[in-house]
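K.L.:
My structure file work.txt, compact mmCIF, C-alpha atoms, is below:
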```txt
# COMPACT_ATOMS: atom_id res chain seq x y z
CA MET A 1 0.00 0.00 0.00
CA ASP A 2 1.39 3.43 -0.88
CA LYS A 3 1.58 6.17 1.75
CA ARG A 4 -1.53 7.96 0.55
CA SER A 5 -3.64 4.79 0.43
CA PHE A 6 -2.36 3.90 3.89
CA THR A 7 -3.36 7.29 5.29
CA GLU A 8 -6.78 7.03 3.65
CA ALA A 9 -7.26 3.50 5.02
CA GLN A 10 -6.29 4.61 8.55
CA SER A 11 -8.62 7.57 8.33
CA LEU A 12 -11.47 5.33 7.16
CA LEU A 13 -10.68 2.95 9.99
CA GLU A 14 -11.05 5.81 12.47
CA ASP A 15 -14.32 6.89 10.84
CA ILE A 16 -15.68 3.35 11.09
CA LYS A 17 -14.63 3.08 14.70
CA ARG A 18 -16.43 6.32 15.48
CA GLY A 19 -19.47 5.03 13.63
CA ASP A 20 -19.33 7.97 11.22
CA GLU A 21 -22.44 7.16 9.23
CA ARG A 22 -21.65 9.25 6.18
CA SER A 23 -18.22 7.65 5.76
CA LEU A 24 -19.67 4.20 6.29
CA ASN A 25 -22.40 4.89 3.76
CA ASN A 26 -19.91 6.21 1.20
CA TRP A 27 -17.66 3.23 1.70
CA TYR A 28 -20.63 0.88 1.35
CA LYS A 29 -21.46 2.45 -2.00
CA GLN A 30 -17.88 2.48 -3.18
CA THR A 31 -17.11 -1.14 -2.36
CA ARG A 32 -20.47 -2.65 -3.30
CA PRO A 33 -20.08 -2.77 -7.11
CA ALA A 34 -16.66 -4.41 -6.98
CA PHE A 35 -17.77 -6.91 -4.36
CA ILE A 36 -20.85 -7.86 -6.39
CA ARG A 37 -18.80 -8.30 -9.53
CA TRP A 38 -16.25 -10.41 -7.67
CA GLY A 39 -18.89 -12.56 -5.98
CA VAL A 40 -20.98 -13.15 -9.09
CA LYS A 41 -17.90 -14.01 -11.09
CA ASN A 42 -16.13 -16.29 -8.64
CA TYR A 43 -18.94 -18.00 -6.76
CA ASP A 44 -21.63 -18.49 -9.38
CA CYS A 45 -24.22 -16.73 -7.26
CA THR A 46 -27.06 -14.42 -8.15
CA GLU A 47 -26.60 -10.71 -7.49
CA ASP A 48 -29.08 -10.90 -4.60
CA GLU A 49 -27.10 -13.69 -2.94
CA VAL A 50 -23.88 -11.71 -3.32
CA ILE A 51 -25.50 -8.61 -1.84
CA GLU A 52 -26.55 -10.68 1.16
CA VAL A 53 -22.98 -11.90 1.67
CA PHE A 54 -21.64 -8.39 1.07
CA GLN A 55 -23.84 -7.03 3.86
CA LYS A 56 -22.70 -9.78 6.24
CA ALA A 57 -19.05 -9.16 5.35
CA PHE A 58 -19.55 -5.42 5.79
CA THR A 59 -21.11 -6.01 9.21
CA VAL A 60 -18.33 -8.36 10.34
CA LEU A 61 -15.71 -5.83 9.27
CA TYR A 62 -17.53 -3.07 11.16
CA PHE A 63 -17.65 -5.18 14.32
CA ASN A 64 -14.00 -6.16 14.02
CA VAL A 65 -12.97 -2.52 13.72
CA ARG A 66 -15.29 -1.46 16.53
CA ASP A 67 -13.98 -4.18 18.83
CA GLY A 68 -10.37 -3.24 18.14
CA LYS A 69 -9.58 -6.49 16.32
CA LEU A 70 -8.43 -4.50 13.32
CA THR A 71 -6.34 -1.48 14.22
CA GLU A 72 -3.43 -1.43 11.78
CA MET A 73 -3.73 -1.81 8.06
CA SER A 74 -1.27 -4.14 6.35
CA SER A 75 -3.47 -4.27 3.27
CA SER A 76 -6.40 -2.18 2.15
CA LEU A 77 -9.75 -2.36 3.91
CA GLU A 78 -11.22 -3.54 0.62
CA THR A 79 -8.87 -6.53 0.72
CA TYR A 80 -10.02 -7.32 4.27
CA LEU A 81 -13.61 -7.05 3.19
CA LEU A 82 -12.98 -9.48 0.35
CA GLY A 83 -11.17 -11.78 2.78
CA ILE A 84 -14.22 -11.87 5.03
CA GLY A 85 -16.46 -12.29 2.00
CA LYS A 86 -14.35 -15.20 0.83
CA ARG A 87 -14.83 -16.96 4.13
CA LEU A 88 -18.55 -16.32 4.15
CA PHE A 89 -18.90 -17.56 0.59
CA LEU A 90 -16.92 -20.67 1.38
CA GLU A 91 -19.09 -21.29 4.44
CA HIS A 92 -22.39 -20.80 2.68
CA PHE A 93 -21.71 -21.82 -0.88
CA ARG A 94 -18.82 -24.27 -0.57
CA ARG A 95 -20.30 -26.80 -2.92
CA ARG A 96 -21.11 -24.21 -5.51
CA ALA A 97 -17.77 -22.42 -5.50
CA LYS A 98 -16.04 -22.56 -8.81
CA ALA A 99 -12.77 -24.40 -9.16
CA GLY A 100 -9.64 -22.40 -9.76
CA VAL A 101 -10.50 -19.40 -7.64
CA SER A 102 -7.17 -17.72 -7.11
CA LEU A 103 -7.70 -15.65 -4.01
CA ASP A 104 -4.67 -16.81 -2.09
CA GLN A 105 -3.34 -13.28 -1.78
CA LEU A 106 -6.22 -12.39 0.50
CA PRO A 107 -5.45 -12.24 4.20
CA ASP A 108 -6.13 -15.21 6.42
CA THR A 109 -9.49 -14.55 7.94
CA ALA A 110 -9.72 -17.62 10.11
CA ALA A 111 -9.48 -15.47 13.22
CA LEU A 112 -12.23 -13.10 12.16
CA ASP A 113 -15.19 -13.21 14.45
CA THR A 114 -18.47 -13.89 12.65
CA ASP A 115 -20.37 -15.03 15.72
CA TYR A 116 -22.80 -12.17 15.44
CA ILE A 117 -24.47 -14.00 12.55
CA ASP A 118 -25.47 -16.84 14.85
CA LYS A 119 -28.62 -15.29 16.21
CA GLU A 120 -30.36 -18.59 16.72
CA SER A 121 -28.36 -19.11 19.87
CA ARG A 122 -29.76 -16.01 21.59
CA ASN A 123 -31.94 -16.95 24.50
CA HIS A 124 -35.38 -15.72 25.38
CA ARG A 125 -34.28 -13.08 27.90
CA GLN A 126 -31.75 -11.63 25.47
CA GLN A 127 -34.39 -11.32 22.76
CA SER A 128 -36.82 -9.75 25.25
CA ALA A 129 -34.21 -7.18 26.24
CA ALA A 130 -33.56 -6.37 22.57
CA LYS A 131 -37.25 -5.84 21.90
CA LEU A 132 -37.97 -3.89 25.10
CA LEU A 133 -35.04 -1.54 24.57
CA ALA A 134 -37.17 0.36 22.05
CA GLN A 135 -39.81 0.94 24.75
CA LEU A 136 -37.33 2.30 27.24
CA GLY A 137 -37.36 5.85 25.88
CA GLU A 138 -34.97 7.42 23.41
CA THR A 139 -32.44 8.76 25.93
CA CYS A 140 -32.00 5.43 27.67
CA ARG A 141 -31.96 3.50 24.41
CA GLN A 142 -29.27 5.79 23.03
CA ILE A 143 -27.05 5.70 26.10
CA LEU A 144 -27.18 1.89 26.34
CA ILE A 145 -26.53 1.42 22.62
CA LEU A 146 -23.65 3.90 22.71
CA TYR A 147 -22.01 2.12 25.61
CA TYR A 148 -22.69 -1.56 25.01
CA PHE A 149 -22.96 -1.71 21.22
CA ARG A 150 -20.87 1.14 19.90
CA LYS A 151 -18.37 0.84 22.77
CA PHE A 152 -18.19 4.57 23.49
CA SER A 153 -16.37 5.64 26.65
CA MET A 154 -18.40 7.38 29.37
CA GLU A 155 -16.55 10.64 28.53
CA ALA A 156 -17.58 10.31 24.87
CA ILE A 157 -21.18 9.58 25.88
CA ALA A 158 -21.25 12.61 28.17
CA GLU A 159 -20.07 14.75 25.27
CA GLU A 160 -22.42 13.17 22.73
CA MET A 161 -25.45 13.49 25.00
CA GLU A 162 -24.46 16.79 26.56
CA TYR A 163 -24.23 15.59 30.14
CA LYS A 164 -22.22 17.64 32.60
CA ASN A 165 -19.52 14.99 32.94
CA ASP A 166 -18.85 11.26 32.68
CA LYS A 167 -20.08 10.62 36.23
CA VAL A 168 -23.52 11.96 35.39
CA ALA A 169 -23.57 9.86 32.22
CA LYS A 170 -22.51 6.77 34.15
CA LYS A 171 -25.23 7.24 36.75
CA LYS A 172 -27.80 7.64 33.99
CA LYS A 173 -26.52 4.52 32.26
CA TYR A 174 -26.96 2.41 35.42
CA GLU A 175 -30.49 3.75 35.89
CA CYS A 176 -31.35 2.83 32.31
CA LEU A 177 -29.80 -0.62 32.60
CA LYS A 178 -31.74 -1.30 35.77
CA ARG A 179 -34.99 -0.08 34.20
CA LEU A 180 -34.47 -2.39 31.25
CA ARG A 181 -33.83 -5.27 33.61
CA ASP A 182 -37.06 -4.49 35.49
CA MET A 183 -39.02 -4.28 32.23
CA VAL A 184 -37.69 -7.65 31.09
CA ASP A 185 -38.76 -9.17 34.41
CA GLU A 186 -42.19 -7.57 34.23
CA LYS A 187 -43.06 -7.77 30.54
CA GLY A 188 -40.69 -10.42 29.23
CA TYR A 189 -42.01 -11.76 25.95
CA SER A 190 -43.11 -15.33 25.65
CA MET A 191 -41.36 -17.66 23.21
CA ASP A 192 -44.37 -17.39 20.88
CA ASP A 193 -43.48 -13.76 20.25
CA PHE A 194 -40.30 -14.88 18.54
CA MET A 195 -41.76 -17.68 16.49
CA MET B 1 -26.01 0.55 42.44
CA GLU B 2 -22.73 -0.63 43.93
CA THR B 3 -23.53 -4.27 43.20
CA LEU B 4 -24.74 -3.41 39.71
CA SER B 5 -21.49 -1.57 39.10
CA GLN B 6 -19.55 -4.67 40.19
CA ILE B 7 -21.70 -6.98 38.08
CA GLU B 8 -21.17 -4.80 35.06
CA GLN B 9 -17.41 -4.59 35.63
CA TYR B 10 -17.32 -8.36 35.86
CA LEU B 11 -19.38 -8.90 32.71
CA THR B 12 -17.51 -6.36 30.59
CA GLY B 13 -14.13 -7.76 31.69
CA GLU B 14 -13.15 -4.54 33.42
CA MET B 15 -12.93 -5.98 36.93
CA PRO B 16 -9.35 -6.23 38.26
CA GLU B 17 -8.10 -9.84 38.55
CA ALA B 18 -7.86 -9.75 42.36
CA GLU B 19 -11.44 -8.54 42.72
CA LYS B 20 -12.62 -10.99 40.08
CA ALA B 21 -11.56 -14.03 42.09
CA ALA B 22 -13.33 -12.70 45.19
CA PHE B 23 -16.43 -11.86 43.14
CA GLU B 24 -16.57 -15.36 41.67
CA ALA B 25 -16.20 -16.84 45.13
CA ALA B 26 -19.08 -14.65 46.32
CA MET B 27 -21.22 -15.93 43.42
CA GLN B 28 -20.55 -19.50 44.51
CA GLN B 29 -21.90 -18.65 47.95
CA ASP B 30 -24.73 -16.37 46.95
CA GLU B 31 -27.33 -17.84 44.59
CA HIS B 32 -29.15 -14.49 44.28
CA LEU B 33 -25.96 -12.76 43.16
CA ARG B 34 -25.29 -15.51 40.62
CA GLN B 35 -28.81 -15.09 39.19
CA GLU B 36 -28.37 -11.33 39.01
CA VAL B 37 -25.13 -11.75 37.06
CA GLU B 38 -26.81 -14.14 34.62
CA ALA B 39 -29.77 -11.78 34.20
CA TYR B 40 -27.53 -8.80 33.41
CA ARG B 41 -25.39 -10.93 31.10
CA ASP B 42 -28.52 -11.54 29.03
CA ILE B 43 -29.68 -7.92 29.24
CA ILE B 44 -26.34 -6.66 27.93
CA ALA B 45 -26.33 -9.32 25.19
CA GLY B 46 -29.86 -8.17 24.32
CA ILE B 47 -28.69 -4.56 23.96
CA GLU B 48 -25.90 -5.74 21.65
CA LEU B 49 -28.42 -7.77 19.68
CA ALA B 50 -30.64 -4.69 19.28
CA GLY B 51 -27.60 -2.75 18.05
CA GLU B 52 -26.78 -5.47 15.52
CA ASP B 53 -30.37 -5.52 14.30
CA ALA B 54 -30.36 -1.73 13.93
CA PHE B 55 -27.04 -1.88 12.04
CA GLU B 56 -28.37 -4.52 9.67
CA ALA B 57 -31.56 -2.52 9.15
CA LYS B 58 -29.42 0.48 8.28
CA LEU B 59 -27.48 -1.52 5.68
CA GLN B 60 -30.75 -2.76 4.26
CA SER B 61 -32.06 0.78 3.96
CA TRP B 62 -28.87 1.86 2.14
CA GLU B 63 -29.27 -1.11 -0.16
CA SER B 64 -32.90 -0.29 -0.92
CA GLN B 65 -31.92 3.30 -1.59
CA ILE B 66 -29.16 2.27 -4.03
CA GLN B 67 -31.47 -0.12 -5.84
CA ALA B 68 -34.21 2.50 -6.06
CA GLU B 69 -31.74 5.07 -7.40
CA ASN B 70 -30.35 2.64 -9.95
CA LYS B 71 -33.88 1.95 -11.11
CA VAL B 72 -34.64 5.65 -11.50
CA GLN B 73 -31.31 6.21 -13.21
CA ASN B 74 -31.90 3.39 -15.66
CA THR B 75 -35.37 4.68 -16.48
CA THR B 76 -34.01 8.20 -16.92
CA VAL B 77 -31.25 6.97 -19.20
CA ARG B 78 -33.73 5.04 -21.31
CA LYS B 79 -35.94 8.10 -21.56
CA LEU B 80 -32.99 10.36 -22.33
CA PHE B 81 -31.95 8.23 -25.23
CA SER B 82 -35.37 7.88 -26.82
CA PRO B 83 -35.32 9.30 -30.39
CA ALA B 84 -37.55 12.26 -29.62
CA VAL B 85 -35.57 13.33 -26.61
CA SER B 86 -32.31 12.83 -28.48
CA LEU B 87 -33.45 15.40 -31.05
CA VAL B 88 -34.37 17.86 -28.33
CA MET B 89 -31.03 17.22 -26.64
CA ALA B 90 -29.17 17.77 -29.89
CA ALA B 91 -30.91 21.11 -30.31
CA ALA B 92 -30.13 21.98 -26.70
CA VAL B 93 -26.49 21.13 -27.24
CA VAL B 94 -26.32 23.52 -30.19
CA LEU B 95 -27.77 26.24 -28.01
CA LEU B 96 -25.49 25.42 -25.13
CA LEU B 97 -22.46 25.52 -27.40
CA THR B 98 -23.17 29.17 -28.02
CA PHE B 99 -22.41 29.75 -24.36
CA ILE B 100 -19.16 27.86 -24.48
CA PHE B 101 -16.19 29.98 -23.56
CA VAL B 102 -18.52 32.59 -22.16
CA PHE B 103 -18.42 31.15 -18.66
CA LYS B 104 -15.12 30.26 -17.12
CA PRO B 105 -16.31 29.85 -13.57
CA PHE B 106 -13.03 28.76 -12.04
CA GLY B 107 -11.22 31.82 -13.29
CA ASP B 108 -7.73 31.76 -11.85
CA ALA B 109 -8.57 29.36 -9.06
CA GLY B 110 -6.29 26.72 -10.58
CA ASP B 111 -7.00 23.76 -12.78
CA PRO B 112 -10.14 22.15 -11.34
CA PHE B 113 -9.54 18.95 -13.26
CA GLN B 114 -6.09 18.47 -11.80
CA GLN B 115 -7.45 19.14 -8.34
CA ALA B 116 -10.37 16.76 -8.68
CA PHE B 117 -8.98 13.90 -10.73
CA GLN B 118 -8.04 10.67 -9.00
CA PRO B 119 -7.64 7.51 -11.07
CA TYR B 120 -10.27 4.93 -10.10
CA PRO B 121 -8.56 2.26 -7.95
CA ASP B 122 -7.45 -0.99 -9.50
CA GLU B 123 -10.05 -3.65 -8.79
CA ILE B 124 -8.91 -6.02 -11.50
CA THR B 125 -5.53 -6.96 -10.05
CA LEU B 126 -6.96 -7.03 -6.53
CA MET B 127 -9.81 -9.34 -7.45
CA GLY B 128 -7.67 -11.77 -9.41
CA GLY B 129 -9.23 -15.06 -10.41
CA GLY B 130 -11.46 -15.39 -13.38
CA ASP B 131 -13.61 -18.00 -15.02
CA GLY B 132 -11.12 -19.15 -17.64
CA THR B 133 -12.40 -16.94 -20.44
CA PHE B 134 -10.93 -13.76 -19.01
CA ASP B 135 -7.42 -12.89 -20.17
CA GLN B 136 -5.96 -12.20 -16.72
CA GLN B 137 -2.43 -11.83 -18.07
CA LYS B 138 -3.43 -9.07 -20.44
CA ALA B 139 -5.52 -7.50 -17.68
CA ASN B 140 -2.54 -7.47 -15.33
CA GLN B 141 -0.39 -5.90 -18.02
CA ALA B 142 -3.02 -3.24 -18.75
CA MET B 143 -3.63 -2.49 -15.10
CA GLY B 144 0.11 -2.38 -14.43
CA LEU B 145 0.43 0.38 -17.03
CA TYR B 146 -2.72 2.06 -15.72
CA ASN B 147 -1.38 2.02 -12.16
CA GLN B 148 1.86 3.59 -13.37
CA GLN B 149 -0.27 6.21 -15.14
CA LYS B 150 1.07 5.13 -18.52
CA TYR B 151 -2.32 5.74 -20.02
CA THR B 152 -1.26 5.93 -23.67
CA GLU B 153 0.17 2.43 -23.49
CA ALA B 154 -2.66 1.10 -21.34
CA LEU B 155 -5.44 2.40 -23.60
CA PRO B 156 -5.22 -0.12 -26.51
CA LEU B 157 -5.03 -3.03 -24.07
CA LEU B 158 -7.99 -1.74 -22.08
CA GLU B 159 -9.98 -1.16 -25.28
CA GLU B 160 -9.37 -4.75 -26.23
CA LEU B 161 -10.29 -6.08 -22.78
CA ALA B 162 -13.42 -3.94 -22.46
CA GLY B 163 -14.56 -5.00 -25.94
CA ALA B 164 -14.03 -8.68 -25.18
CA ASN B 165 -15.66 -8.54 -21.73
CA PRO B 166 -18.83 -6.44 -21.85
CA ASP B 167 -19.97 -8.28 -18.71
CA ILE B 168 -17.19 -6.60 -16.72
CA PRO B 169 -18.24 -2.94 -16.82
CA VAL B 170 -15.34 -1.70 -14.72
CA LEU B 171 -13.08 -2.32 -17.73
CA ALA B 172 -15.01 0.36 -19.63
CA LEU B 173 -14.35 2.70 -16.72
CA TYR B 174 -10.57 2.10 -16.91
CA GLU B 175 -10.74 2.39 -20.69
CA GLY B 176 -12.54 5.72 -20.34
CA ILE B 177 -10.07 7.04 -17.78
CA ALA B 178 -7.11 6.06 -19.97
CA ALA B 179 -8.80 7.76 -22.95
CA LEU B 180 -9.52 10.83 -20.84
CA GLN B 181 -5.91 11.12 -19.75
CA THR B 182 -4.72 10.56 -23.30
CA GLY B 183 -6.95 13.36 -24.55
CA VAL B 184 -9.30 11.14 -26.59
CA PHE B 185 -12.33 12.77 -25.05
CA GLU B 186 -15.02 11.42 -27.35
CA LYS B 187 -13.86 7.88 -26.71
CA ALA B 188 -13.71 8.58 -22.96
CA GLN B 189 -17.27 9.87 -22.84
CA GLN B 190 -18.46 6.95 -24.93
CA SER B 191 -16.96 4.57 -22.36
CA PHE B 192 -18.45 6.46 -19.41
CA HIS B 193 -21.90 6.53 -20.99
CA ALA B 194 -21.64 2.77 -21.52
CA LEU B 195 -21.74 2.49 -17.72
CA ASP B 196 -25.15 4.16 -17.43
CA ASN B 197 -27.05 0.94 -16.87
CA THR B 198 -24.46 -0.78 -14.74
CA SER B 199 -23.42 -0.79 -11.12
CA TYR B 200 -20.67 1.70 -12.10
CA ALA B 201 -23.17 4.34 -13.22
CA PHE B 202 -22.09 6.77 -10.45
CA GLN B 203 -18.45 6.39 -11.44
CA GLY B 204 -19.30 6.89 -15.12
CA GLU B 205 -21.21 10.04 -14.29
CA TRP B 206 -18.37 11.45 -12.20
CA TYR B 207 -15.62 10.81 -14.72
CA ASN B 208 -17.82 12.20 -17.46
CA ILE B 209 -17.99 15.46 -15.53
CA LEU B 210 -14.21 15.38 -15.14
CA THR B 211 -13.91 14.86 -18.90
CA GLU B 212 -15.98 17.99 -19.47
CA LEU B 213 -13.68 19.85 -17.09
CA LYS B 214 -10.56 18.64 -18.83
CA LYS B 215 -11.92 19.46 -22.26
CA GLY B 216 -12.36 22.97 -20.93
CA ASP B 217 -15.21 23.94 -23.23
CA TYR B 218 -17.86 23.07 -20.69
CA ASP B 219 -21.18 24.71 -20.18
CA ALA B 220 -20.72 26.11 -16.70
CA PRO B 221 -24.33 26.31 -15.47
CA ALA B 222 -25.07 22.76 -16.61
CA LEU B 223 -21.90 21.42 -15.01
CA GLN B 224 -22.55 23.37 -11.83
CA SER B 225 -26.06 22.01 -11.70
CA ALA B 226 -24.82 18.42 -12.15
CA LEU B 227 -22.28 18.94 -9.37
CA SER B 228 -24.92 20.46 -7.08
CA ARG B 229 -27.15 17.47 -7.61
CA ILE B 230 -24.33 15.09 -6.67
CA ALA B 231 -23.30 17.24 -3.70
CA LYS B 232 -26.86 17.16 -2.38
CA SER B 233 -27.22 13.42 -2.77
CA ASP B 234 -26.61 11.44 0.41
CA THR B 235 -26.04 8.31 -1.60
CA HIS B 236 -23.66 9.43 -4.34
CA PRO B 237 -20.13 8.10 -3.70
CA TYR B 238 -18.63 11.31 -5.14
CA GLN B 239 -20.74 13.58 -2.97
CA LYS B 240 -17.76 14.96 -1.04
CA GLU B 241 -15.72 15.48 -4.20
CA ALA B 242 -18.61 17.37 -5.81
CA GLU B 243 -18.89 19.54 -2.70
CA LYS B 244 -15.18 20.34 -2.90
CA LEU B 245 -15.39 21.27 -6.56
CA LEU B 246 -18.36 23.53 -5.93
CA LYS B 247 -16.51 25.33 -3.14
CA LYS B 248 -13.85 26.32 -5.64
CA TRP B 249 -16.54 27.71 -7.89
CA PRO B 250 -16.70 31.48 -7.44
CA ALA B 251 -20.09 32.92 -6.57
CA ASP B 252 -21.88 34.69 -9.41
```
As structure tokens, how would this structure be written, given the file I've shared?
P.N.:
Amino acid sequence: MDKRSFTEAQSLLEDIKRGDERSLNNWYKQTRPAFIRWGVKNYDCTEDEVIEVFQKAFTVLYFNVRDGKLTEMSSSLETYLLGIGKRLFLEHFRRRAKAGVSLDQLPDTAALDTDYIDKESRNHRQQSAAKLLAQLGETCRQILILYYFRKFSMEAIAEEMEYKNDKVAKKKKYECLKRLRDMVDEKGYSMDDFM
Amino acid sequence: METLSQIEQYLTGEMPEAEKAAFEAAMQQDEHLRQEVEAYRDIIAGIELAGEDAFEAKLQSWESQIQAENKVQNTTVRKLFSPAVSLVMAAAVVLLLTFIFVFKPFGDAGDPFQQAFQPYPDEITLMGGGDGTFDQQKANQAMGLYNQQKYTEALPLLEELAGANPDIPVLALYEGIAALQTGVFEKAQQSFHALDNTSYAFQGEWYNILTELKKGDYDAPALQSALSRIAKSDTHPYQKEAEKLLKKWPAD
């Protein structure tokens, strides 16, 4: 990677980590056509199937960056995305993959975490909490998502939500977490709600 | 709140090792505490699940938006190239040509083309592979020259590749860019227009604008209007670039 590409990749990495939606959206649009072409050509899939894999690969990459599993770029982010895509294709379409696919130059993605896709394993209480979060009120929903999903620090949350300081934000977060817990205990959905 | 703070520290892995051992010992002794930890483990996992769902929904909405835009774009292109409209367009072009050279909106602000032009990144070499019918060796040679900005030498190879592989639209994009940089503007614009109905339509549109800029005989209001449209679009990949170009455009 040349110096400019490296700087751009690092900057994109920072944007993704921050959850900068505009950057993410731009990158989605920029990488999508190439990914579709690559998938259709190499894995004998329909465009819709490739788009599905592209979205999963995009999500895995986002989570890996967010969780600090990808901090330094030794190749371009596009190459990482293709590496994840390759693994997902091989998992889902192994039998249909064409022979002679020469993608050996892609990074080893064996260590990439794709557990998020396995939603079947989520238990009833987890699914109740996910559903009830929307009923908790926007402030609480936002603070809990920022902390537990987007991995913001309490200082960053205080700034984002205009609290006086991180202590105030932290206190609010505990209140929201406890309220969600109480709601799950009181209203917890039955299994039928998820069928 | 103190216990909740401890539970959370334990679940998020932020509890110091020494405290962790004591906390685990306490859980062994205290069934209520153990149940509380399990409950909050699920609650936190549920919040993460909601975040994942929201993220996936966001991707889906971007996807729907792209597909809707492509549909509109395709329809527009078909309409634009209907015979009747082509005649009207031809007449409009004659009229517009009378304004050529009248507007030079960038004045002395520098060469806008040089400031805006970036060669489209090499996807061909990166993607590799092929289904056996694609001449990868020739593609590597062409893209090698393209990457070294040896556009004159790359152009004939890219023309050949694009002609032989109409199912790989990105080749027409590289062909157009090589033609643009070689000064074969008509050929460049032909290649970019060939992308209208493909997933590279945005790229074709952008490089077509750059071709107009490089030619220098552009119709300023029309170009400005095209850039404004891109700058206002939340889904156009060249939105930021269009914004930058417009900033350099002096106010009337």
K.L.:
For Phe89 of chain A, which residue among A:Asn123, A:Ser128, A:Asn42, A:Thr59 is the nearest when counting only C-alpha atoms?
P.N.:
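Comparing A:Asn123, A:Ser128, A:Asn42, A:Thr59 against Phe89 of chain A, the winner is A:Asn42.
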K.L.:
Residues near segment 32-36 of chain B, anyone? I mean within 12 Å using only C-alpha atoms, not counting same-chain ones fewer than 3 positions away, as number ranges by chain.
P.N.:
A: 178, 181-182, 185; B: 3-8, 10-11, 23-29, 39-43
K.L.:
Using only C-alpha atoms, what does the table of chain B residues within 6 Å of chain A look like, with each row giving the shortest atom pair and its distance in Å to one decimal, sorted by chain and ascending number, as CSV?
P.N.:
```
residue,atom,partner,partner_atom,distance
B:Asp42,CA,A:Gln126,CA,4.8
B:Ile43,CA,A:Ala129,CA,5.5
B:Ala45,CA,A:Gln126,CA,5.9
B:Gly46,CA,A:Gln126,CA,4.1
B:Ile47,CA,A:Ala130,CA,5.4
B:Glu48,CA,A:Phe149,CA,5.0
B:Ala50,CA,A:Ala130,CA,4.7
B:Gly51,CA,A:Phe149,CA,5.7
B:Gly129,CA,A:Ser102,CA,4.7
B:Ser199,CA,A:Pro33,CA,5.6
B:Pro237,CA,A:Asn26,CA,5.3
```
K.L.:
What is the atom CA of Glu47 of chain A-atom CA of Phe55 of chain B distance in Å, reported with one decimal?
P.N.:
21.4 Å
